[in-house]
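First up is the structure itself, then whatever we jot down about it.
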Number of protein chains: 2
Amino acid sequence: MSAFAAATAVRRRDDAEAGDHVRYDAELDLGWSIGGKPNGGYLLAILGRAAADAAGRAHPLAISGHFLRPPEGGPAEVRVEVVKSGRTVATVRSTLWQHGKPCLDSLVTAGELTGEPVRYARDAMPDLPSPEDCRSRAESPFRVELLDHVDVRIDPATAPFPEPTGTPTIQGWMRFHDGTPADELALALIVDAMPPTVFNLPMLGWAPTVELTFLLRGRPAPGWLAFRAQATVVADGWFDEDVMVWDATGRPVAQSRQLALVGRG
Amino acid sequence: MSAFAAATAVRRRDDAEAGDHVRYDAELDLGWSIGGKPNGGYLLAILGRAAADAAGRAHPLAISGHFLRPPEGGPAEVRVEVVKSGRTVATVRSTLWQHGKPCLDSLVTAGELTGEPVRYARDAMPDLPSPEDCRSRAESPFRVELLDHVDVRIDPATAPFPEPTGTPTIQGWMRFHDGTPADELALALIVDAMPPTVFNLPMLGWAPTVELTFLLRGRPAPGWLAFRAQATVVADGWFDEDVMVWDATGRPVAQSRQLALVGRG
């Protein structure tokens, strides 16, 4: 079992059925944290796994997560309500609870990709230096626990360290250190595993995400995943982060956008 | 009262409190439809209005809508659950019900824009012909009821009629026919009021949206709103539609992305 599969495992409880929802146990692993707080994409992967299981579908196709309060490491509960189960997709509410409080709420549309090839892609995979010629995110001065599991390589032209570039774009490569391929669910983590692009403006500080929507757009081939993250608008105390991920064959496989508060301090 | 405000009004019921949620009555107006089905952005505006009211916040900042089944015109109910009310934002589940079934489920993060100016914008407003030199969406061969309320002008270089352009981009201008300015909530409608960009590939046919996330990024100045919509990936039977809206001063005010099934027939 891959480290990712183990860290995002959910177990349907024996007394699972409770009113309109089904309960799963999860164990939040602080090895997938940033500064002691479980990574948002890691949490979304857990919610997506429980949602797909409860709905009996292959994958989450769209996960809209709204962040309420950061959970701690350790036991947590996922409550899943299947709102509608249709022919093509099912829609599910999947919520992370800990200590009697909701921490992350999400709506998930789950289904199965048809496997048809790409008919149109606006953007080609960026022209990146090889992973060997990129800089490891672990070179950054911030301790990021998640990097013990995810090997994040940043195109030096876009790295916010040692000096911010002035442009809120970061691109590069990712894969798991344990050599397991990233599956569809892992992409929900991947879209949230790069440094905030606004570090390049530079705008540092804790920037809490309030909303992140992940779209699964293809089944990833094994190997390195390429990513490009960009802030498109920083205004009114908020910024967005727009991410596209390609697999090793150059196929787009995931995209996401999140809304976060501009960091303080 | 503007036609939009009237058509998206919600009324808190006298017997509003029901378990963990609060109930609002709404009246779905088929004047805001496409082919007899209420427009998705129109429905999101209704859910956002009820959510902001229940949370006591100025605006929805992020609305993630997952579409379950198209409602009919006429009476409907919005059930709002305030999941968390924090200092900066509140998070709310807002669901549209009709005939005892949920039609559209959403999570909404509501709050208030700080009014700070734009600190960074990746994309400038597109260089568009004047509204007078654009083509009205109403020239399209499809009857779109919504266009009786929304004046949609399309840059001829991007219009899917009379002939598709081959590129899934559509840009242009919008405003209300009744002369009222589009407010923050109206932007949730605006992001969904252009023709599907995949008409330009051409891929015609009924293309049901399963998920649409709207982000409010600024308070719009009165006047025409400029928009640019683009599909970024068409693959596996799905396409996304990515939209940015600017106000008449060139300020970005809204963005959205939706996931839709490639049309059949």
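In the structure tokens, each chain is lettered A, B, ... as it comes, each chain's residues begin at 1, and ligands are numbered from 1 in order of appearance.
For chain A, the residues close to chain B, meaning within 6 Å and counting only C-alpha atoms, are Leu113, Thr114, Gly115, Glu116, Pro117, Val118, Arg119, Tyr120, Ala121, Arg122, Thr232, Val233, Val234, Ala235 and Asp236 of chain A.
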Keeping only N, CA, C and O atoms, write the selected residues as a short mmCIF file (atom, residue, chain, number, x, y, z; two decimals), in the first residue's frame.
```
data_model
loop_
_atom_site.label_atom_id
_atom_site.label_comp_id
_atom_site.auth_asym_id
_atom_site.auth_seq_id
_atom_site.Cartn_x
_atom_site.Cartn_y
_atom_site.Cartn_z
N LEU A 113 -14.53 8.45 -15.46
CA LEU A 113 -14.10 9.04 -16.73
C LEU A 113 -14.31 8.02 -17.84
O LEU A 113 -14.13 6.82 -17.64
N THR A 114 -14.69 8.54 -19.00
CA THR A 114 -15.03 7.62 -20.10
C THR A 114 -13.80 7.02 -20.75
O THR A 114 -13.89 6.00 -21.44
N GLY A 115 -12.65 7.66 -20.57
CA GLY A 115 -11.45 7.15 -21.22
C GLY A 115 -11.26 7.65 -22.64
O GLY A 115 -10.31 7.27 -23.32
N GLU A 116 -12.16 8.53 -23.10
CA GLU A 116 -11.95 9.13 -24.43
C GLU A 116 -10.69 10.00 -24.41
O GLU A 116 -10.33 10.56 -23.39
N PRO A 117 -10.04 10.12 -25.55
CA PRO A 117 -8.83 10.96 -25.59
C PRO A 117 -9.17 12.45 -25.49
O PRO A 117 -10.33 12.84 -25.55
N VAL A 118 -8.13 13.24 -25.35
CA VAL A 118 -8.28 14.69 -25.28
C VAL A 118 -8.71 15.21 -26.64
O VAL A 118 -8.06 14.93 -27.65
N ARG A 119 -9.80 15.96 -26.68
CA ARG A 119 -10.26 16.54 -27.95
C ARG A 119 -9.78 17.97 -28.12
O ARG A 119 -9.67 18.46 -29.23
N TYR A 120 -9.53 18.65 -27.02
CA TYR A 120 -9.05 20.02 -27.09
C TYR A 120 -8.33 20.35 -25.79
O TYR A 120 -8.81 19.99 -24.71
N ALA A 121 -7.21 21.01 -25.88
CA ALA A 121 -6.53 21.54 -24.69
C ALA A 121 -5.99 22.91 -25.05
O ALA A 121 -5.22 23.06 -26.01
N ARG A 122 -6.43 23.91 -24.31
CA ARG A 122 -5.98 25.28 -24.61
C ARG A 122 -4.48 25.42 -24.41
O ARG A 122 -3.79 26.02 -25.22
N THR A 232 -4.40 34.67 -10.39
CA THR A 232 -4.88 35.50 -11.50
C THR A 232 -5.33 36.88 -11.03
O THR A 232 -5.15 37.85 -11.75
N VAL A 233 -5.86 36.96 -9.81
CA VAL A 233 -6.28 38.26 -9.28
C VAL A 233 -5.94 38.32 -7.79
O VAL A 233 -6.28 37.41 -7.04
N VAL A 234 -5.28 39.40 -7.38
CA VAL A 234 -5.06 39.68 -5.96
C VAL A 234 -5.73 41.02 -5.70
O VAL A 234 -5.30 42.05 -6.23
N ALA A 235 -6.80 41.00 -4.92
CA ALA A 235 -7.59 42.23 -4.73
C ALA A 235 -8.48 42.07 -3.52
O ALA A 235 -8.89 40.95 -3.18
N ASP A 236 -8.78 43.19 -2.86
CA ASP A 236 -9.79 43.19 -1.81
C ASP A 236 -9.44 42.25 -0.67
O ASP A 236 -10.35 41.74 0.00
#
```
Out of range 8-217 of chain B, which residues get alpha helix (DSSP H) from DSSP, as a PyMOL selection string?
chain B and resi 40-55+186-190
Generate the output file for the selected residues, C-alpha atoms, as a CSV table (one decimal), in the first residue's frame.
```
chain,number,residue,atom,x,y,z
B,40,GLY,CA,-27.9,27.8,-13.7
B,41,GLY,CA,-26.3,31.1,-12.8
B,42,TYR,CA,-29.8,32.5,-12.1
B,43,LEU,CA,-30.4,29.7,-9.6
B,44,LEU,CA,-27.0,30.2,-8.0
B,45,ALA,CA,-27.9,33.9,-7.5
B,46,ILE,CA,-31.0,32.8,-5.6
B,47,LEU,CA,-29.0,30.4,-3.4
B,48,GLY,CA,-26.4,33.0,-2.8
B,49,ARG,CA,-29.0,35.6,-1.8
B,50,ALA,CA,-30.6,33.2,0.7
B,51,ALA,CA,-27.2,32.2,2.0
B,52,ALA,CA,-26.0,35.7,2.6
B,53,ASP,CA,-29.3,36.6,4.3
B,54,ALA,CA,-29.2,33.6,6.7
B,55,ALA,CA,-25.5,34.3,7.5
B,186,ALA,CA,-25.9,39.5,-10.5
B,187,LEU,CA,-22.4,38.5,-11.4
B,188,ALA,CA,-23.3,34.9,-10.5
B,189,LEU,CA,-25.8,35.0,-13.3
B,190,ILE,CA,-23.5,36.9,-15.7
```
Could you name the residues that touch Arg11 in chain A at 8 Å or less, counting only C-alpha atoms, but leaving out those on the same chain fewer than 2 positions away, as a ChimeraX atom specification?
/A:9,13,24-26
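Closest approach to Arg57 in chain B among B:Met194, B:Val152, B:Val262, B:Val82 is made by B:Val82 (distances from only C-alpha atoms).
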Mind checking DSSP for range 50-263 of chain B and telling me the strand (DSSP E) residues as a ChimeraX atom specification?
/B:59-67,74-85,90-98,101-111,118-121,135-136,150-154,169-176,209-216,225-230,233-235,238-246,252-261
